[in-house]
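Enquirer: Enclosed is the structure file upload.txt (compact mmCIF, C-alpha atoms (C1' of nucleotides)).
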# COMPACT_ATOMS: atom_id res chain seq x y z
CA MET A 1 0.00 0.00 0.00
CA ASP A 2 1.50 3.29 -1.07
CA GLU A 3 0.96 6.74 0.35
CA THR A 4 -1.76 7.65 -2.16
CA GLN A 5 -3.81 4.58 -1.30
CA ALA A 6 -3.36 5.19 2.41
CA LEU A 7 -4.53 8.80 2.04
CA ALA A 8 -7.64 7.64 0.20
CA ALA A 9 -8.35 5.03 2.86
CA PHE A 10 -7.92 7.52 5.70
CA ALA A 11 -10.18 10.01 3.93
CA GLY A 12 -12.77 7.29 3.49
CA LEU A 13 -12.73 6.44 7.18
CA SER A 14 -12.66 10.06 8.38
CA GLN A 15 -16.39 10.56 7.97
CA GLU A 16 -18.87 9.28 10.52
CA THR A 17 -21.34 7.72 8.11
CA ARG A 18 -18.60 6.04 6.12
CA LEU A 19 -16.78 4.70 9.16
CA ARG A 20 -20.05 3.17 10.30
CA ILE A 21 -20.69 1.66 6.90
CA VAL A 22 -17.30 -0.03 6.93
CA ARG A 23 -17.81 -1.34 10.44
CA LEU A 24 -21.22 -2.65 9.48
CA LEU A 25 -19.93 -4.36 6.35
CA VAL A 26 -17.04 -5.97 8.19
CA GLN A 27 -19.49 -7.39 10.69
CA ALA A 28 -21.80 -8.44 7.86
CA GLY A 29 -19.10 -10.72 6.53
CA PRO A 30 -17.93 -11.56 3.01
CA ASP A 31 -21.45 -11.76 1.62
CA GLY A 32 -22.03 -8.10 2.36
CA MET A 33 -25.43 -6.47 2.27
CA PRO A 34 -27.55 -4.47 -0.17
CA ALA A 35 -27.33 -0.67 -0.29
CA GLY A 36 -30.87 -0.29 0.95
CA ALA A 37 -30.26 -2.39 4.04
CA ILE A 38 -27.15 -0.35 4.80
CA GLY A 39 -29.20 2.83 4.56
CA GLU A 40 -31.75 1.30 6.91
CA ALA A 41 -29.02 0.51 9.42
CA MET A 42 -27.73 4.07 9.13
CA GLY A 43 -31.04 5.34 10.45
CA GLY A 44 -32.84 5.73 7.18
CA ALA A 45 -30.39 7.87 5.25
CA SER A 46 -31.51 8.94 1.80
CA SER A 47 -30.54 6.70 -1.08
CA SER A 48 -28.49 9.36 -2.79
CA ARG A 49 -26.56 10.00 0.37
CA MET A 50 -25.79 6.30 0.69
CA SER A 51 -24.80 6.12 -2.93
CA PHE A 52 -22.43 9.04 -2.45
CA HIS A 53 -20.67 7.52 0.52
CA LEU A 54 -20.60 3.99 -0.87
CA ALA A 55 -19.08 5.27 -4.10
CA HIS A 56 -16.50 7.17 -2.05
CA LEU A 57 -15.58 4.00 -0.15
CA GLU A 58 -15.44 1.92 -3.30
CA GLN A 59 -13.19 4.51 -4.90
CA ALA A 60 -10.91 4.23 -1.88
CA GLY A 61 -10.82 0.45 -2.29
CA LEU A 62 -12.39 -0.24 1.09
CA VAL A 63 -15.56 -1.84 -0.26
CA ARG A 64 -16.62 -3.54 -3.45
CA SER A 65 -20.01 -3.95 -5.08
CA ARG A 66 -21.85 -6.49 -7.20
CA ARG A 67 -25.33 -6.53 -8.56
CA ASP A 68 -27.79 -9.18 -7.43
CA GLY A 69 -31.17 -8.79 -9.03
CA ARG A 70 -32.25 -5.23 -8.51
CA SER A 71 -30.14 -4.83 -5.42
CA ILE A 72 -26.52 -3.82 -5.34
CA ILE A 73 -24.60 -5.69 -2.69
CA TYR A 74 -21.70 -4.01 -0.97
CA SER A 75 -19.05 -5.88 0.97
CA ALA A 76 -15.90 -4.96 2.84
CA VAL A 77 -12.51 -5.47 1.22
CA TYR A 78 -10.66 -7.07 4.11
CA GLY A 79 -7.31 -6.90 2.40
CA ALA A 80 -7.52 -3.14 2.21
CA LEU A 81 -8.04 -2.91 5.94
CA SER A 82 -5.16 -5.29 6.60
CA ASP A 83 -2.95 -3.25 4.33
CA LEU A 84 -3.90 -0.10 6.15
CA VAL A 85 -3.02 -1.66 9.48
CA ALA A 86 0.30 -2.77 8.04
CA PHE A 87 0.92 0.73 6.71
CA LEU A 88 0.26 2.27 10.10
CA MET A 89 2.39 -0.27 11.90
CA ARG A 90 5.23 0.28 9.52
CA ASP A 91 5.23 3.98 10.29
CA CYS A 92 4.68 3.41 13.93
CA CYS A 93 7.50 0.93 14.33
CA SER A 94 9.93 2.38 11.86
CA GLY A 95 13.08 2.90 13.87
CA HIS A 96 11.16 2.62 17.12
CA PRO A 97 9.84 -0.92 17.57
CA GLU A 98 9.06 -0.47 21.24
CA VAL A 99 6.25 1.97 20.65
CA CYS A 100 4.13 -0.66 18.96
CA ALA A 101 4.53 -3.25 21.68
CA PRO A 102 1.06 -2.61 23.11
CA ALA A 103 -0.69 -3.07 19.79
CA VAL A 104 1.35 -6.13 18.89
CA ALA A 105 0.57 -7.67 22.26
CA ALA A 106 -3.10 -6.94 21.75
CA LEU A 107 -3.02 -8.79 18.46
CA SER A 108 -0.85 -11.70 19.49
CA CYS A 109 -3.10 -12.42 22.43
CA GLY A 110 -5.62 -13.77 20.00
CA CYS A 111 -7.58 -12.15 17.26
CA ALA A 112 -10.77 -14.00 18.06
CA PRO A 113 -14.39 -12.93 17.67
CA ASP A 114 -14.86 -12.37 21.40
CA SER A 115 -11.49 -10.86 22.16
CA GLN A 116 -12.59 -7.28 21.59
CA ASP A 117 -12.62 -6.17 25.20
CA THR A 118 -9.35 -7.87 25.95
CA MET A 119 -7.74 -6.15 23.01
CA SER A 120 -8.92 -2.73 24.09
CA GLU A 121 -7.62 -3.28 27.58
CA VAL A 122 -4.19 -4.31 26.46
CA ALA A 123 -4.00 -1.58 23.87
CA HIS A 124 -4.81 1.06 26.42
CA ALA A 125 -2.49 -0.33 29.08
CA MET B 1 -10.26 4.78 21.61
CA ASP B 2 -13.85 5.66 20.79
CA GLU B 3 -15.38 6.47 17.43
CA THR B 4 -14.97 10.22 17.84
CA GLN B 5 -11.26 9.93 18.50
CA ALA B 6 -10.83 7.53 15.62
CA LEU B 7 -12.61 9.92 13.25
CA ALA B 8 -10.34 12.75 14.35
CA ALA B 9 -7.26 10.58 13.86
CA PHE B 10 -8.35 9.45 10.39
CA ALA B 11 -9.09 13.03 9.40
CA GLY B 12 -5.67 14.01 10.63
CA LEU B 13 -3.96 11.37 8.52
CA SER B 14 -6.10 11.93 5.42
CA GLN B 15 -4.07 14.90 4.25
CA GLU B 16 -0.77 14.51 2.47
CA THR B 17 1.17 17.14 4.40
CA ARG B 18 -0.13 15.89 7.72
CA LEU B 19 0.54 12.23 6.96
CA ARG B 20 4.11 13.17 6.10
CA ILE B 21 4.48 15.19 9.26
CA VAL B 22 3.39 12.22 11.36
CA ARG B 23 5.74 9.89 9.54
CA LEU B 24 8.58 12.32 9.99
CA LEU B 25 7.90 12.77 13.70
CA VAL B 26 7.66 9.02 14.28
CA GLN B 27 11.05 8.63 12.66
CA ALA B 28 12.39 11.58 14.62
CA GLY B 29 11.75 9.73 17.87
CA PRO B 30 10.42 10.81 21.24
CA ASP B 31 12.45 14.02 21.29
CA GLY B 32 10.58 15.31 18.26
CA MET B 33 11.68 18.32 16.26
CA PRO B 34 10.94 22.05 16.07
CA ALA B 35 8.17 23.37 13.83
CA GLY B 36 10.67 25.18 11.62
CA ALA B 37 12.66 22.03 10.93
CA ILE B 38 9.48 20.18 10.05
CA GLY B 39 8.57 22.91 7.59
CA GLU B 40 12.07 22.59 6.11
CA ALA B 41 11.61 18.87 5.66
CA MET B 42 8.25 19.48 4.00
CA GLY B 43 9.99 21.39 1.25
CA GLY B 44 9.85 24.82 2.75
CA ALA B 45 6.15 25.15 3.49
CA SER B 46 5.07 28.50 4.91
CA SER B 47 5.12 28.77 8.67
CA SER B 48 1.41 29.46 8.91
CA ARG B 49 0.63 26.41 6.83
CA MET B 50 2.76 24.29 9.16
CA SER B 51 1.12 25.81 12.18
CA PHE B 52 -2.30 25.01 10.73
CA HIS B 53 -1.51 21.35 10.11
CA LEU B 54 0.39 20.86 13.35
CA ALA B 55 -2.51 22.34 15.31
CA HIS B 56 -4.85 20.00 13.46
CA LEU B 57 -2.72 16.99 14.40
CA GLU B 58 -2.39 18.10 17.98
CA GLN B 59 -6.15 18.55 18.19
CA ALA B 60 -6.52 14.98 16.92
CA GLY B 61 -4.12 13.78 19.62
CA LEU B 62 -1.55 12.46 17.18
CA VAL B 63 1.22 14.89 18.16
CA ARG B 64 2.05 16.97 21.19
CA SER B 65 4.05 20.16 21.57
CA ARG B 66 6.29 21.81 24.11
CA ARG B 67 8.20 25.04 24.06
CA ASP B 68 11.98 25.04 24.16
CA GLY B 69 13.44 28.50 24.04
CA ARG B 70 11.91 30.25 21.08
CA SER B 71 11.24 27.01 19.27
CA ILE B 72 8.20 24.83 19.68
CA ILE B 73 9.04 21.15 19.55
CA TYR B 74 6.52 18.72 18.15
CA SER B 75 6.65 14.98 18.76
CA ALA B 76 4.53 11.99 17.83
CA VAL B 77 2.13 10.51 20.34
CA TYR B 78 2.91 6.83 19.84
CA GLY B 79 0.04 5.67 22.00
CA ALA B 80 -2.46 7.36 19.71
CA LEU B 81 -1.08 5.45 16.74
CA SER B 82 -1.15 2.19 18.65
CA ASP B 83 -4.73 2.84 19.67
CA LEU B 84 -5.66 3.55 16.11
CA VAL B 85 -4.14 0.28 14.97
CA ALA B 86 -6.03 -1.51 17.72
CA PHE B 87 -9.24 0.22 16.66
CA LEU B 88 -8.79 -0.87 13.07
CA MET B 89 -7.88 -4.41 14.03
CA ARG B 90 -10.91 -4.66 16.27
CA ASP B 91 -13.19 -3.75 13.39
CA CYS B 92 -11.29 -5.87 11.00
CA CYS B 93 -11.32 -8.97 13.16
CA SER B 94 -14.70 -8.55 14.75
CA GLY B 95 -16.49 -11.77 13.95
CA HIS B 96 -14.02 -12.58 11.20
CA PRO B 97 -10.59 -13.33 12.66
CA GLU B 98 -9.27 -14.93 9.50
CA VAL B 99 -9.26 -11.68 7.53
CA CYS B 100 -6.59 -10.17 9.72
CA ALA B 101 -4.23 -13.09 9.49
CA PRO B 102 -1.95 -11.36 6.97
CA ALA B 103 -1.51 -8.28 9.10
CA VAL B 104 -1.01 -10.29 12.27
CA ALA B 105 1.57 -12.44 10.54
CA ALA B 106 3.35 -9.35 9.31
CA LEU B 107 3.58 -8.05 12.83
CA SER B 108 4.47 -11.28 14.58
CA CYS B 109 7.30 -11.85 12.19
CA GLY B 110 9.16 -9.09 13.95
CA CYS B 111 8.44 -5.44 14.33
CA ALA B 112 12.02 -4.40 13.88
CA PRO B 113 13.54 -1.26 12.39
CA ASP B 114 14.62 -3.07 9.22
CA SER B 115 11.59 -5.27 8.77
CA GLN B 116 9.69 -2.81 6.61
CA ASP B 117 10.04 -4.66 3.33
CA THR B 118 9.25 -8.00 4.87
CA MET B 119 6.11 -6.59 6.40
CA SER B 120 4.92 -5.17 3.14
CA GLU B 121 5.48 -8.44 1.34
CA VAL B 122 3.54 -10.46 3.83
CA ALA B 123 0.75 -7.93 4.03
CA HIS B 124 0.35 -7.96 0.29
CA ALA B 125 0.46 -11.73 -0.03
C1' DA C 1 -45.51 -3.63 -22.45
C1' DT C 2 -46.30 -1.75 -17.99
C1' DC C 3 -45.46 -1.08 -13.41
C1' DA C 4 -43.10 -1.13 -9.00
C1' DT C 5 -38.63 -1.58 -6.82
C1' DA C 6 -33.76 -0.62 -5.92
C1' DT C 7 -30.27 2.23 -6.84
C1' DC C 8 -27.72 5.78 -9.20
C1' DT C 9 -26.81 10.47 -11.29
C1' DC C 10 -27.20 15.24 -11.48
C1' DA C 11 -27.66 20.07 -10.08
C1' DA C 12 -28.05 23.19 -6.35
C1' DT C 13 -26.77 24.45 -1.96
C1' DA C 14 -24.46 24.56 2.43
C1' DT C 15 -20.60 23.53 5.07
C1' DC C 16 -15.96 22.63 5.95
C1' DA C 17 -10.82 22.45 4.92
C1' DA C 18 -6.54 24.37 2.94
C1' DT C 19 -3.58 28.06 1.45
C1' DT C 20 -1.80 32.71 1.54
C1' DG C 21 -0.02 36.98 3.36
C1' DA C 22 0.05 40.32 7.02
C1' DA C 23 0.25 41.18 11.65
C1' DA C 24 0.77 39.84 16.59
C1' DC C 25 3.05 37.19 20.28
C1' DG C 26 6.58 35.37 23.25
C1' DT C 27 11.69 34.53 23.74
C1' DT C 28 16.42 35.49 23.48
C1' DG C 29 20.61 38.10 23.26
C1' DA C 30 22.92 42.72 22.67
C1' DT D 1 15.06 48.47 26.10
C1' DC D 2 15.51 47.09 21.55
C1' DA D 3 15.93 44.22 17.60
C1' DA D 4 15.89 39.60 15.59
C1' DC D 5 13.92 35.08 15.58
C1' DG D 6 10.56 31.34 15.66
C1' DT D 7 5.98 30.57 15.76
C1' DT D 8 1.08 31.50 16.03
C1' DT D 9 -3.22 34.03 14.88
C1' DC D 10 -6.30 36.28 11.86
C1' DA D 11 -8.90 37.53 7.64
C1' DA D 12 -9.59 36.58 2.93
C1' DT D 13 -9.77 33.47 -0.75
C1' DT D 14 -10.11 29.23 -2.96
C1' DG D 15 -11.34 24.61 -3.40
C1' DA D 16 -13.26 20.25 -1.68
C1' DT D 17 -16.90 17.61 0.61
C1' DA D 18 -21.70 16.62 2.33
C1' DT D 19 -26.62 16.86 1.89
C1' DT D 20 -30.95 17.31 -0.46
C1' DG D 21 -34.46 16.54 -3.83
C1' DA D 22 -35.74 15.53 -8.55
C1' DG D 23 -35.15 12.70 -12.21
C1' DA D 24 -32.86 8.77 -14.79
C1' DT D 25 -31.59 3.81 -15.20
C1' DA D 26 -31.82 -1.04 -14.65
C1' DT D 27 -34.18 -5.17 -12.98
C1' DG D 28 -38.02 -8.26 -12.00
C1' DA D 29 -43.00 -9.28 -11.70
C1' DT D 30 -47.65 -9.09 -13.82
Show me, as structure tokens, the structure contained in the file I just sent.

Expert:
Amino acid sequence: MDETQALAAFAGLSQETRLRIVRLLVQAGPDGMPAGAIGEAMGGASSSRMSFHLAHLEQAGLVRSRRDGRSIIYSAVYGALSDLVAFLMRDCCSGHPEVCAPAVAALSCGCAPDSQDTMSEVAHA
Amino acid sequence: MDETQALAAFAGLSQETRLRIVRLLVQAGPDGMPAGAIGEAMGGASSSRMSFHLAHLEQAGLVRSRRDGRSIIYSAVYGALSDLVAFLMRDCCSGHPEVCAPAVAALSCGCAPDSQDTMSEVAHA
DNA sequence: ATCATATCTCAATATCAATTGAAACGTTGA
DNA sequence: TCAACGTTTCAATTGATATTGAGATATGAT
């Protein structure tokens, strides 16, 4: 992931609605969910607003779309998120490995579905 | 790190000049560097432009400042970056641990000063 | 074909972010 | 005290981003 891609990803995630969309789609899993359902989950946002933000995210490479009947299904691009994490870690550790110890520990302790709280604790310690 | 903080951090990093500042300050280490020197490194950006971006980053909690003589020294807040990584990983792994495997592997393989290339390779695999 | 559904596109507007240049502020040394 | 330095603050301008509502497009059912 180069700087340009990272900038696009950060811009995508720097907006409340979009950050929520990404979180929702990650939780939704690889099958994703249709644009309408996402709008529903966002508290009934207008379709054009959804379209705008979804297009923004797709442009940034954070989500992808496919048509299924008359719905358009959006799903998270996990690799893009992984790459972004790697990009951040690279900066964070570059020349100063010790500063990332907390985050690394949080991850090594088990990246399991129910390990969210544990991870937060360690990361904040 | 809550959603609001994460949004502020992403917004901070979504701008080319600011992303470069953060990278520079991480490399500079805990002692940081004066605003003027940062501007130098940015290719001679105007002082007010630097001040604008540095204030933005400080507001987002990504850098801190202290006065030393007539200079103001900025330094990276490593914890904020670690928290951001943890935030991303939490979303990324939530309910779907397997998707973060590449990033985790990249980190576990050694977060050392010279492991940048290795990390990229693994993350992109 | 026609209609209803799901989503997108477009134009208009409102809001926010970035850059510039001038001026103000605090600090140091003569 | 004064002048020079490093940095911030402010006002003005420009450009980018977000939201809304109306209309267009594509799909599936009758």

Enquirer: Return as a CSV table (one decimal) with C-alpha atoms, keeping the file's coordinate frame the residues belonging to chain A that are within 8 Å of chain C, counting all atoms listed in the file.

Expert:
chain,number,residue,atom,x,y,z
A,35,ALA,CA,-27.3,-0.7,-0.3
A,36,GLY,CA,-30.9,-0.3,1.0
A,47,SER,CA,-30.5,6.7,-1.1
A,48,SER,CA,-28.5,9.4,-2.8
A,51,SER,CA,-24.8,6.1,-2.9
A,70,ARG,CA,-32.2,-5.2,-8.5
A,71,SER,CA,-30.1,-4.8,-5.4
A,72,ILE,CA,-26.5,-3.8,-5.3

Enquirer: For chain D, list the residues within 8 Å of chain B, counting only C-alpha atoms (C1' of nucleotides), and write the list as an NGL selection string.

Expert: :D and (5-8)

Enquirer: Suppose you want the space between atom CA of B:Ser65 and atom CA of B:Gly79; what is it in Å?

Expert: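 Rounded to one decimal, the two atoms are 15.0 Å apart.
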
Enquirer: Please measure the separation of atom CA of B:Arg20 and atom CA of A:His56, giving the value in Å to one decimal.

Expert: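 For atom CA of B:Arg20 relative to atom CA of A:His56, the distance reads 23.0 Å.
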
Enquirer: Atom CA of A:Pro30 and atom CA of A:Arg66, how far apart in Å?

Expert: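 Computing it gives 12.1 Å between the two atoms.
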
Enquirer: Please provide as a CSV table (one decimal) with C-alpha atoms, keeping the file's coordinate frame all residues within 9 Å of A:Ala41, with the sequence filter that same-chain residues fewer than 4 positions apart are discarded (counting all atoms listed in the file).

Expert:
chain,number,residue,atom,x,y,z
A,21,ILE,CA,-20.7,1.7,6.9
A,24,LEU,CA,-21.2,-2.6,9.5
A,36,GLY,CA,-30.9,-0.3,1.0
A,37,ALA,CA,-30.3,-2.4,4.0
A,45,ALA,CA,-30.4,7.9,5.2
